[in-house]
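Data file: query19.txt. Format and content: compact mmCIF, C-alpha atoms and all ligand atoms.
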```
# COMPACT_ATOMS: atom_id res chain seq x y z
CA MET A 1 0.00 0.00 0.00
CA ILE A 2 1.11 3.47 -0.84
CA SER A 3 0.41 6.53 1.26
CA VAL A 4 -2.05 9.12 -0.09
CA GLU A 5 -2.10 12.67 1.21
CA ASN A 6 -5.27 13.53 3.12
CA SER A 7 -4.73 17.28 2.90
CA TYR A 8 -7.59 19.73 3.56
CA ASP A 9 -7.87 20.70 -0.13
CA LYS A 10 -8.55 17.06 -1.02
CA ARG A 11 -11.79 16.85 0.88
CA ILE A 12 -14.12 19.32 -0.84
CA LEU A 13 -15.77 18.52 -4.13
CA ILE A 14 -17.01 21.33 -6.28
CA ASN A 15 -19.22 20.95 -9.33
CA SER A 16 -18.90 24.47 -10.66
CA LYS A 17 -16.28 26.52 -12.46
CA ASN A 18 -18.01 29.72 -11.29
CA GLU A 19 -15.55 32.15 -9.75
CA LYS A 20 -17.73 32.82 -6.70
CA ALA A 21 -18.13 29.12 -6.02
CA ILE A 22 -14.37 28.66 -6.27
CA CYS A 23 -13.94 31.60 -3.89
CA LEU A 24 -16.30 29.93 -1.38
CA LYS A 25 -14.34 26.70 -1.69
CA GLU A 26 -11.19 28.62 -0.78
CA LYS A 27 -12.93 30.08 2.30
CA VAL A 28 -13.98 26.59 3.39
CA GLU A 29 -10.46 25.26 2.90
CA LYS A 30 -9.04 28.14 4.92
CA ILE A 31 -11.30 27.30 7.87
CA ILE A 32 -10.44 23.59 7.70
CA LYS A 33 -6.74 24.41 7.56
CA GLU A 34 -7.04 26.76 10.57
CA VAL A 35 -9.00 24.40 12.82
CA GLU A 36 -6.55 21.62 12.06
CA GLU A 37 -3.51 23.77 12.61
CA ASP A 38 -4.78 25.15 15.92
CA GLY A 39 -5.57 21.57 16.99
CA THR A 40 -9.26 22.20 17.84
CA PHE A 41 -10.64 20.26 14.85
CA ASP A 42 -13.81 22.30 15.34
CA TYR A 43 -15.21 21.75 11.85
CA ASN A 44 -18.53 23.26 12.98
CA GLN A 45 -16.91 26.61 12.30
CA LEU A 46 -18.08 26.02 8.72
CA TYR A 47 -21.66 26.39 9.93
CA ASN A 48 -21.93 30.09 9.07
CA LEU A 49 -20.88 29.52 5.47
CA ARG A 50 -23.70 27.06 4.76
CA ARG A 51 -26.05 29.77 3.50
CA GLU A 52 -23.56 31.60 1.29
CA PRO A 53 -24.54 31.83 -2.38
CA TYR A 54 -23.13 28.87 -4.36
CA SER A 55 -22.84 26.72 -1.23
CA LYS A 56 -24.91 24.08 -3.04
CA ASN A 57 -22.04 23.63 -5.49
CA LEU A 58 -19.80 22.39 -2.70
CA SER A 59 -20.17 18.77 -1.62
CA VAL A 60 -19.82 19.54 2.07
CA PHE A 61 -22.91 21.79 2.22
CA ALA A 62 -24.98 19.95 -0.37
CA TYR A 63 -24.42 16.54 1.27
CA ARG A 64 -24.97 17.97 4.73
CA GLU A 65 -28.34 19.36 3.75
CA MET A 66 -29.49 16.14 2.07
CA ILE A 67 -28.41 14.03 5.03
CA LEU A 68 -30.14 16.30 7.55
CA ILE A 69 -33.40 16.26 5.57
CA GLU A 70 -33.38 12.45 5.43
CA ILE A 71 -32.48 12.18 9.11
CA SER A 72 -35.35 14.43 10.16
CA LYS A 73 -37.76 12.37 8.03
CA LEU A 74 -36.48 9.19 9.67
CA LYS A 75 -36.76 10.66 13.15
CA ALA A 76 -40.41 11.49 12.45
CA THR A 77 -41.14 7.76 12.14
CA THR A 78 -41.28 5.19 14.94
CA ILE A 79 -37.58 4.42 15.34
CA THR A 80 -35.93 3.33 18.56
CA LYS A 81 -34.83 5.97 21.04
CA SER A 82 -31.23 4.82 20.80
CA LEU A 83 -31.10 5.22 17.00
CA ALA A 84 -32.74 8.66 17.32
CA LYS A 85 -30.00 9.62 19.79
CA ASP A 86 -27.29 8.38 17.43
CA LEU A 87 -28.83 10.32 14.55
CA ASP A 88 -28.73 13.46 16.71
CA ASP A 89 -25.04 12.79 17.20
CA ILE A 90 -24.49 12.53 13.43
CA GLU A 91 -26.15 15.93 13.03
CA LYS A 92 -23.82 17.36 15.65
CA HIS A 93 -20.71 15.97 13.97
CA ILE A 94 -21.79 16.16 10.36
CA PHE A 95 -18.88 18.35 9.16
CA LEU A 96 -16.36 16.05 10.84
CA ILE A 97 -18.02 13.03 9.19
CA LEU A 98 -18.08 14.62 5.75
CA ILE A 99 -14.73 16.37 5.52
CA GLY A 100 -12.79 15.70 8.72
CA ARG A 101 -9.17 14.60 8.55
CA PHE A 102 -9.06 10.80 8.26
CA ASP A 103 -7.54 10.14 11.70
CA LYS A 104 -10.07 12.41 13.43
CA MET A 105 -12.95 10.87 11.49
CA LYS A 106 -11.66 7.42 12.47
CA GLU A 107 -11.50 8.43 16.14
CA TYR A 108 -15.20 9.32 15.91
CA VAL A 109 -16.00 5.98 14.24
CA ILE A 110 -14.19 4.10 17.02
CA LYS A 111 -16.22 6.01 19.60
CA LYS A 112 -19.44 4.99 17.83
CA ARG A 113 -18.52 1.34 17.31
CA LYS A 114 -21.09 0.08 19.84
CA SER A 115 -23.82 2.38 18.57
CA ASP A 116 -26.85 1.69 16.37
CA LEU A 117 -25.03 3.34 13.44
CA ILE A 118 -22.71 0.37 12.83
CA PHE A 119 -23.46 -3.26 12.13
CA THR A 120 -20.60 -5.46 10.91
CA GLY A 121 -22.41 -8.83 11.00
CA GLU A 122 -19.63 -10.39 13.07
CA LYS A 123 -20.31 -13.39 15.29
CA GLY A 124 -22.27 -12.49 18.41
CA GLU A 125 -23.16 -9.02 17.19
CA ARG A 126 -26.81 -8.07 17.44
CA LYS A 127 -28.28 -6.20 14.49
CA PRO A 128 -29.68 -2.89 15.80
CA LYS A 129 -33.41 -2.45 15.30
CA ASN A 130 -34.16 -0.10 12.36
CA PHE A 131 -30.62 -0.58 11.00
CA THR A 132 -31.91 -1.63 7.56
CA VAL A 133 -34.13 1.38 7.10
CA TYR A 134 -31.31 3.76 8.15
CA LYS A 135 -28.86 1.93 5.85
CA GLU A 136 -31.22 2.18 2.87
CA ILE A 137 -31.43 5.95 3.27
CA PHE A 138 -27.67 6.37 3.00
CA GLU A 139 -27.45 3.82 0.19
CA LYS A 140 -29.95 5.87 -1.79
CA LEU A 141 -28.10 9.12 -1.08
CA TYR A 142 -24.88 7.51 -2.24
CA LYS A 143 -26.48 6.13 -5.39
CA ASP A 144 -28.13 9.46 -6.23
CA LYS A 145 -25.17 11.67 -5.49
CA LEU A 146 -21.91 9.78 -5.72
CA SER A 147 -22.36 7.39 -8.58
CA GLY A 148 -23.07 9.97 -11.31
CA HIS A 149 -20.58 11.16 -13.90
CA SER A 150 -20.18 14.74 -12.61
CA PHE A 151 -19.36 13.53 -9.10
CA LYS A 152 -16.81 11.09 -10.48
CA VAL A 153 -15.10 13.77 -12.57
CA SER A 154 -14.76 16.08 -9.53
CA PHE A 155 -13.65 13.20 -7.33
CA PHE A 156 -10.96 11.92 -9.68
CA ASP A 157 -9.78 15.50 -10.23
CA LEU A 158 -8.75 15.50 -6.56
CA PHE A 159 -6.39 12.63 -7.29
CA GLU A 160 -5.06 13.63 -10.67
CA GLU A 161 -1.44 13.07 -9.62
CA ILE A 162 -2.21 9.45 -8.65
CA ASN A 163 -1.79 7.06 -11.58
CA VAL A 164 -1.74 3.77 -9.75
CA CYS A 165 -4.04 2.02 -7.27
CA PRO A 166 -2.86 3.00 -3.76
CA TYR A 167 -3.88 -0.40 -2.36
CA CYS A 168 -1.84 -2.68 -4.63
CA ASN A 169 0.57 -0.31 -6.45
CA ARG A 170 0.08 -2.57 -9.50
CA ASN A 171 -2.76 -1.30 -11.72
CA PHE A 172 -3.19 2.04 -13.43
CA ILE A 173 -6.35 3.90 -12.40
CA ASN A 174 -6.44 6.92 -14.72
CA PRO A 175 -10.03 7.64 -15.81
CA ILE A 176 -10.90 7.77 -19.52
CA TYR A 177 -13.02 10.60 -20.91
CA LYS A 178 -13.63 10.25 -24.64
CA SER A 179 -14.83 13.18 -26.74
CA SER A 180 -17.15 11.06 -28.90
CA LYS A 181 -18.63 7.60 -29.14
CA ILE A 182 -18.21 5.25 -32.06
CA ASN A 183 -21.36 3.26 -31.55
CA LEU A 184 -22.69 1.64 -28.40
CA ASP A 185 -19.40 2.06 -26.56
CA ASN A 186 -19.12 4.01 -23.30
CA LEU A 187 -18.05 7.62 -23.39
CA ASN A 188 -16.27 7.42 -20.04
CA GLN A 189 -14.61 4.84 -17.90
CA SER A 190 -13.28 5.31 -14.40
CA PRO A 191 -11.58 3.38 -11.62
CA ASP A 192 -13.61 2.21 -8.65
CA ILE A 193 -14.38 4.43 -5.69
CA GLU A 194 -13.50 2.46 -2.63
CA HIS A 195 -15.06 3.01 0.82
CA PHE A 196 -12.38 2.23 3.42
CA PHE A 197 -15.09 1.58 6.04
CA PRO A 198 -17.63 -0.41 3.97
CA LYS A 199 -20.83 1.54 3.43
CA SER A 200 -22.93 -1.56 4.13
CA MET A 201 -21.57 -1.67 7.72
CA TYR A 202 -20.97 2.04 8.31
CA PRO A 203 -23.81 3.65 6.31
CA PHE A 204 -23.26 7.11 7.85
CA LEU A 205 -19.82 7.24 6.16
CA SER A 206 -21.21 6.63 2.66
CA LEU A 207 -20.72 10.26 1.68
CA SER A 208 -17.63 10.99 3.74
CA ILE A 209 -14.88 12.09 1.36
CA SER A 210 -12.15 10.99 3.80
CA ASN A 211 -13.60 7.48 3.65
CA LEU A 212 -13.22 7.36 -0.13
CA LEU A 213 -10.29 6.56 -2.37
CA PRO A 214 -9.90 5.66 -6.01
CA SER A 215 -8.81 2.06 -6.39
CA CYS A 216 -8.50 -0.61 -9.06
CA ALA A 217 -11.46 -2.94 -9.54
CA PHE A 218 -9.41 -5.93 -8.29
CA CYS A 219 -8.71 -4.36 -4.88
CA ASN A 220 -12.21 -2.97 -4.45
CA LYS A 221 -13.80 -6.32 -5.25
CA ILE A 222 -11.48 -8.50 -3.21
CA LYS A 223 -11.72 -6.19 -0.18
CA SER A 224 -15.49 -6.18 -0.56
CA ASN A 225 -17.24 -6.07 2.83
CA PHE A 226 -14.31 -6.86 5.09
CA ASN A 227 -14.61 -4.95 8.36
CA THR A 228 -11.52 -2.74 8.11
CA MET A 229 -11.73 -1.85 11.78
CA ASN A 230 -9.87 -5.14 12.31
CA ARG A 231 -6.21 -4.17 11.94
CA CYS A 232 -6.47 -2.55 8.50
CA ILE A 233 -5.05 0.83 7.64
CA SER A 234 -6.17 3.35 5.09
CA PRO A 235 -3.67 4.77 2.57
CA TYR A 236 -4.56 8.10 4.23
CA GLU A 237 -2.96 7.02 7.51
CA ILE A 238 -0.04 4.78 6.59
CA THR A 239 3.54 5.69 7.16
CA GLN A 240 5.36 2.43 6.61
CA ASP A 241 2.90 -0.38 6.07
CA PHE A 242 4.89 -3.14 4.48
CA LYS A 243 8.24 -4.13 3.13
CA PHE A 244 9.15 -6.57 0.40
CA LYS A 245 11.88 -9.10 1.08
CA PHE A 246 13.96 -10.89 -1.53
CA GLU A 247 15.74 -14.21 -1.50
CA ILE A 248 17.53 -16.08 -4.23
CA ASP A 249 15.59 -19.18 -5.20
CA PRO A 250 17.63 -22.19 -3.92
CA LYS A 251 16.70 -24.10 -7.08
CA ASN A 252 17.64 -21.31 -9.44
CA ILE A 253 20.35 -18.82 -8.55
CA ASN A 254 19.12 -16.43 -11.27
CA LYS A 255 15.69 -16.17 -9.70
CA TYR A 256 14.53 -14.03 -6.76
CA ASN A 257 11.64 -15.06 -4.53
CA ILE A 258 9.50 -12.24 -3.13
CA SER A 259 7.89 -12.17 0.31
CA LEU A 260 6.13 -9.48 2.33
CA GLU A 261 6.58 -8.21 5.88
CA THR A 262 3.64 -6.33 7.38
CA GLN A 263 1.74 -5.70 10.62
CA SER A 264 -1.66 -4.89 9.12
CA ASN A 265 -4.34 -7.12 7.62
CA ASN A 266 -4.41 -5.23 4.32
CA SER A 267 -2.01 -7.49 2.44
CA LYS A 268 -3.83 -10.62 3.56
CA ILE A 269 -7.22 -9.26 2.46
CA LEU A 270 -5.84 -8.11 -0.89
CA ASN A 271 -3.76 -11.30 -1.35
CA LEU A 272 -0.79 -9.08 -2.13
CA GLU A 273 2.03 -11.45 -1.20
CA ASN A 274 0.82 -14.18 -3.56
CA LEU A 275 0.03 -11.70 -6.32
CA TYR A 276 3.53 -10.25 -6.19
CA LYS A 277 5.20 -13.63 -5.80
CA ASP A 278 3.36 -15.19 -8.74
CA THR A 279 3.24 -12.23 -11.08
CA HIS A 280 6.17 -9.96 -10.41
CA SER A 281 9.17 -12.19 -9.64
CA LYS A 282 9.97 -12.11 -13.35
CA TYR A 283 9.96 -8.31 -13.32
CA ILE A 284 12.45 -8.24 -10.42
CA ASN A 285 14.71 -10.72 -12.18
CA GLU A 286 14.64 -8.65 -15.36
CA ILE A 287 15.53 -5.53 -13.42
CA TYR A 288 18.39 -7.39 -11.75
CA ILE A 289 19.75 -8.64 -15.07
CA ASP A 290 19.48 -5.15 -16.56
CA VAL A 291 21.30 -3.63 -13.60
CA VAL A 292 24.18 -6.08 -13.50
CA SER A 293 24.65 -6.01 -17.27
CA HIS A 294 24.63 -2.20 -17.45
CA PRO A 295 27.98 -1.02 -18.96
CA ASN A 296 28.60 1.13 -15.91
CA VAL A 297 28.19 -1.79 -13.54
CA PHE A 298 30.13 -4.09 -15.83
CA THR A 299 33.24 -1.94 -15.57
CA ASN A 300 32.69 -0.63 -12.04
CA SER A 301 30.94 -3.43 -10.11
CA LEU A 302 27.47 -3.22 -8.63
CA GLU A 303 28.90 -2.15 -5.29
CA ASN A 304 30.64 0.86 -6.78
CA MET A 305 27.58 1.83 -8.75
CA LEU A 306 25.34 1.74 -5.68
CA ASN A 307 27.94 3.66 -3.68
CA GLN A 308 28.10 6.28 -6.37
CA MET A 309 24.32 6.56 -6.53
CA GLU A 310 24.03 7.24 -2.82
CA SER A 311 26.90 9.66 -2.65
CA LYS A 312 26.01 13.17 -3.71
CA THR A 313 29.59 14.43 -3.68
CA PRO A 314 31.09 13.43 -7.03
CA ASP A 315 29.12 15.98 -9.00
CA PRO A 316 26.82 18.06 -6.81
CA VAL A 317 25.70 20.29 -9.69
CA ASN A 318 24.57 17.67 -12.20
CA PHE A 319 24.12 14.63 -10.02
CA LYS A 320 20.51 13.71 -9.35
CA ILE A 321 19.95 10.40 -7.67
CA GLU A 322 16.38 10.22 -9.02
CA GLU A 323 17.70 10.24 -12.58
CA TRP A 324 20.41 7.71 -11.90
CA TYR A 325 17.91 5.47 -10.19
CA LYS A 326 15.42 5.78 -13.06
CA SER A 327 17.99 4.85 -15.66
CA PHE A 328 18.83 1.64 -13.79
CA PHE A 329 15.58 0.71 -12.09
CA ARG A 330 13.00 2.26 -14.49
CA ASN A 331 10.97 3.69 -11.64
CA TYR A 332 10.63 6.54 -9.13
CA TYR A 333 13.12 6.95 -6.30
CA GLU A 334 11.18 9.26 -3.95
CA GLU A 335 8.42 7.81 -1.82
CA ASP A 336 6.22 10.80 -2.63
CA ASP A 337 6.24 9.68 -6.26
CA PHE A 338 5.33 6.05 -5.67
CA ASN A 339 1.74 6.66 -6.77
CA LYS A 340 2.93 7.62 -10.23
CA HIS A 341 4.08 4.26 -11.48
CA PRO A 342 3.23 0.59 -10.85
CA LEU A 343 5.56 -1.54 -8.71
CA SER A 344 7.51 1.47 -7.44
CA LYS A 345 7.49 0.19 -3.84
CA LEU A 346 8.63 -3.27 -4.90
CA THR A 347 11.43 -1.76 -7.00
CA LYS A 348 12.65 0.56 -4.25
CA ASP A 349 12.67 -2.27 -1.72
CA PHE A 350 14.68 -4.33 -4.20
CA TYR A 351 17.15 -1.46 -4.58
CA ASN A 352 17.46 -1.30 -0.76
CA HIS A 353 17.94 -5.05 -0.68
CA LEU A 354 20.85 -4.81 -3.16
CA LYS A 355 22.34 -1.97 -1.12
CA ASP A 356 22.11 -3.91 2.15
CA LYS A 357 23.63 -6.96 0.50
CA LYS A 358 26.71 -5.25 -0.89
ZN ZN B 1 -5.37 -2.26 -6.61
```
Could you rewrite the structure in this file as structure tokens?
Ligand SMILES: [Zn+2]
Amino acid sequence: MISVENSYDKRILINSKNEKAICLKEKVEKIIKEVEEDGTFDYNQLYNLRREPYSKNLSVFAYREMILIEISKLKATTITKSLAKDLDDIEKHIFLILIGRFDKMKEYVIKKRKSDLIFTGEKGERKPKNFTVYKEIFEKLYKDKLSGHSFKVSFFDLFEEINVCPYCNRNFINPIYKSSKINLDNLNQSPDIEHFFPKSMYPFLSLSISNLLPSCAFCNKIKSNFNTMNRCISPYEITQDFKFKFEIDPKNINKYNISLETQSNNSKILNLENLYKDTHSKYINEIYIDVVSHPNVFTNSLENMLNQMESKTPDPVNFKIEEWYKSFFRNYYEEDDFNKHPLSKLTKDFYNHLKDKK
């Protein structure tokens, strides 16, 4: 898994190019930035902006209003007192739920884990009364608002620098927008939008932008309805999730075997170790052959080449390790760039393995 920035400007969707709407978005971002920097995380400071002209063009106000209308309709029916109390709590924390920083939003979810808002279907768990009716409301809101083309365009715009699925770092996820159709083909195609906390178990997070990430169809489908509260981490919160290890195959000294070291459940759920082992050993071996047969390495030895790459002294003006690395390893050196190209994490770990070995 590759880390994705959860910065304040990544949490507001806007469906307008109108200057005043863009100006309002900037005001909203400024408030979010301030309340996060001063450590209060008081997102309710956005409350006064909800009636500004063009507020309906911003996801945070539009979704808030829709949710509150549906909640008040639900509360007017005969629901249990405990669900009504939990719905009041959603109202109170609606800005945090919709656009709060991932870690703060997660803290709130952990606090609510015994409430009527969450049902994971795990052994011994009792399904809260009225859970289905509350879940259907959020499912409908999600279907109406987040599955349409305009939402998808604004959502994927937030992640335009991410080319590869953050969960597997294997598949490209760039959306396709064609200018015309040939016949019955689709005009657009997009990656999946993945809910970190599954919307079937945590319906109130269906429209929370911090709960959403673009992902490849493989990862979204295989993760499915796993309860991620159980030792999983979101790309928004990872620092160092896993590390690839390499060993020469005892039966074939030209072949590397790949394994994975990790503390979280993510790799198990996504079957990452087997996928990499079965599919990408060949890639690592090809990289290795390319590196050792490079003219520079041939005359200088691999050890010297790696030493030279790490040392910035020989030519401080022209020397750029990223470029050296790319010419040998065909990928990105900096961790911040890992989302740009498939297998970047695997490649960098292999580079580190060669360095440690020398
Ligand atoms: Zn993936």
Which residue of A:Glu286, A:Asp192, A:Asp103, A:Asp185 approaches ligand ZN 1 (chain B) most closely, using only C-alpha atoms and all ligand atoms: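 Among the listed residues, A:Asp192 lies closest to ligand ZN 1 (chain B).
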Close residues to ligand ZN 1 (chain B) using all atoms listed in the file, limit 12 Å, as a PyMOL selection string: chain A and resi 1-2+163-173+191-194+213-223+235+266-267+269-272+275-276+339+342-343
Separation of atom CA of Phe242 of chain A and atom CA of Leu260 of chain A, in Å?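 For atom CA of Phe242 of chain A relative to atom CA of Leu260 of chain A, the distance reads 6.8 Å.
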Taking into account all atoms listed in the file, which residue in the set A:Arg330, A:Asn188, A:Ile321, A:Leu306 is nearest to Asn352 of chain A? A:Leu306
Draw an axis-aligned box tight on the listed atoms of segment 348-353 of chain A, then pad every side by 8 Å and write out centre and edge lengths in Å to one decimal as lines of an AutoDock Vina configuration file.
```
center_x = 15.3
center_y = -2.2
center_z = -2.6
size_x = 21.3
size_y = 21.6
size_z = 19.9
```
Which residues come within 12 Å of Leu141 of chain A, counting only C-alpha atoms, excluding same-chain residues fewer than 6 positions away, as a PDB file with C-alpha atoms, in the coordinates of the input?
```pdb
ATOM      1  CA  ALA A  62     -24.980  19.950  -0.370  1.00  0.00           C
ATOM      2  CA  TYR A  63     -24.420  16.540   1.270  1.00  0.00           C
ATOM      3  CA  ARG A  64     -24.970  17.970   4.730  1.00  0.00           C
ATOM      4  CA  GLU A  65     -28.340  19.360   3.750  1.00  0.00           C
ATOM      5  CA  MET A  66     -29.490  16.140   2.070  1.00  0.00           C
ATOM      6  CA  ILE A  67     -28.410  14.030   5.030  1.00  0.00           C
ATOM      7  CA  LEU A  68     -30.140  16.300   7.550  1.00  0.00           C
ATOM      8  CA  ILE A  69     -33.400  16.260   5.570  1.00  0.00           C
ATOM      9  CA  GLU A  70     -33.380  12.450   5.430  1.00  0.00           C
ATOM     10  CA  ILE A  71     -32.480  12.180   9.110  1.00  0.00           C
ATOM     11  CA  TYR A 134     -31.310   3.760   8.150  1.00  0.00           C
ATOM     12  CA  LYS A 135     -28.860   1.930   5.850  1.00  0.00           C
ATOM     13  CA  SER A 147     -22.360   7.390  -8.580  1.00  0.00           C
ATOM     14  CA  GLY A 148     -23.070   9.970 -11.310  1.00  0.00           C
ATOM     15  CA  LYS A 199     -20.830   1.540   3.430  1.00  0.00           C
ATOM     16  CA  PRO A 203     -23.810   3.650   6.310  1.00  0.00           C
ATOM     17  CA  PHE A 204     -23.260   7.110   7.850  1.00  0.00           C
ATOM     18  CA  LEU A 205     -19.820   7.240   6.160  1.00  0.00           C
ATOM     19  CA  SER A 206     -21.210   6.630   2.660  1.00  0.00           C
ATOM     20  CA  LEU A 207     -20.720  10.260   1.680  1.00  0.00           C
ATOM     21  CA  SER A 208     -17.630  10.990   3.740  1.00  0.00           C
TER      22      SER A 208
END
```
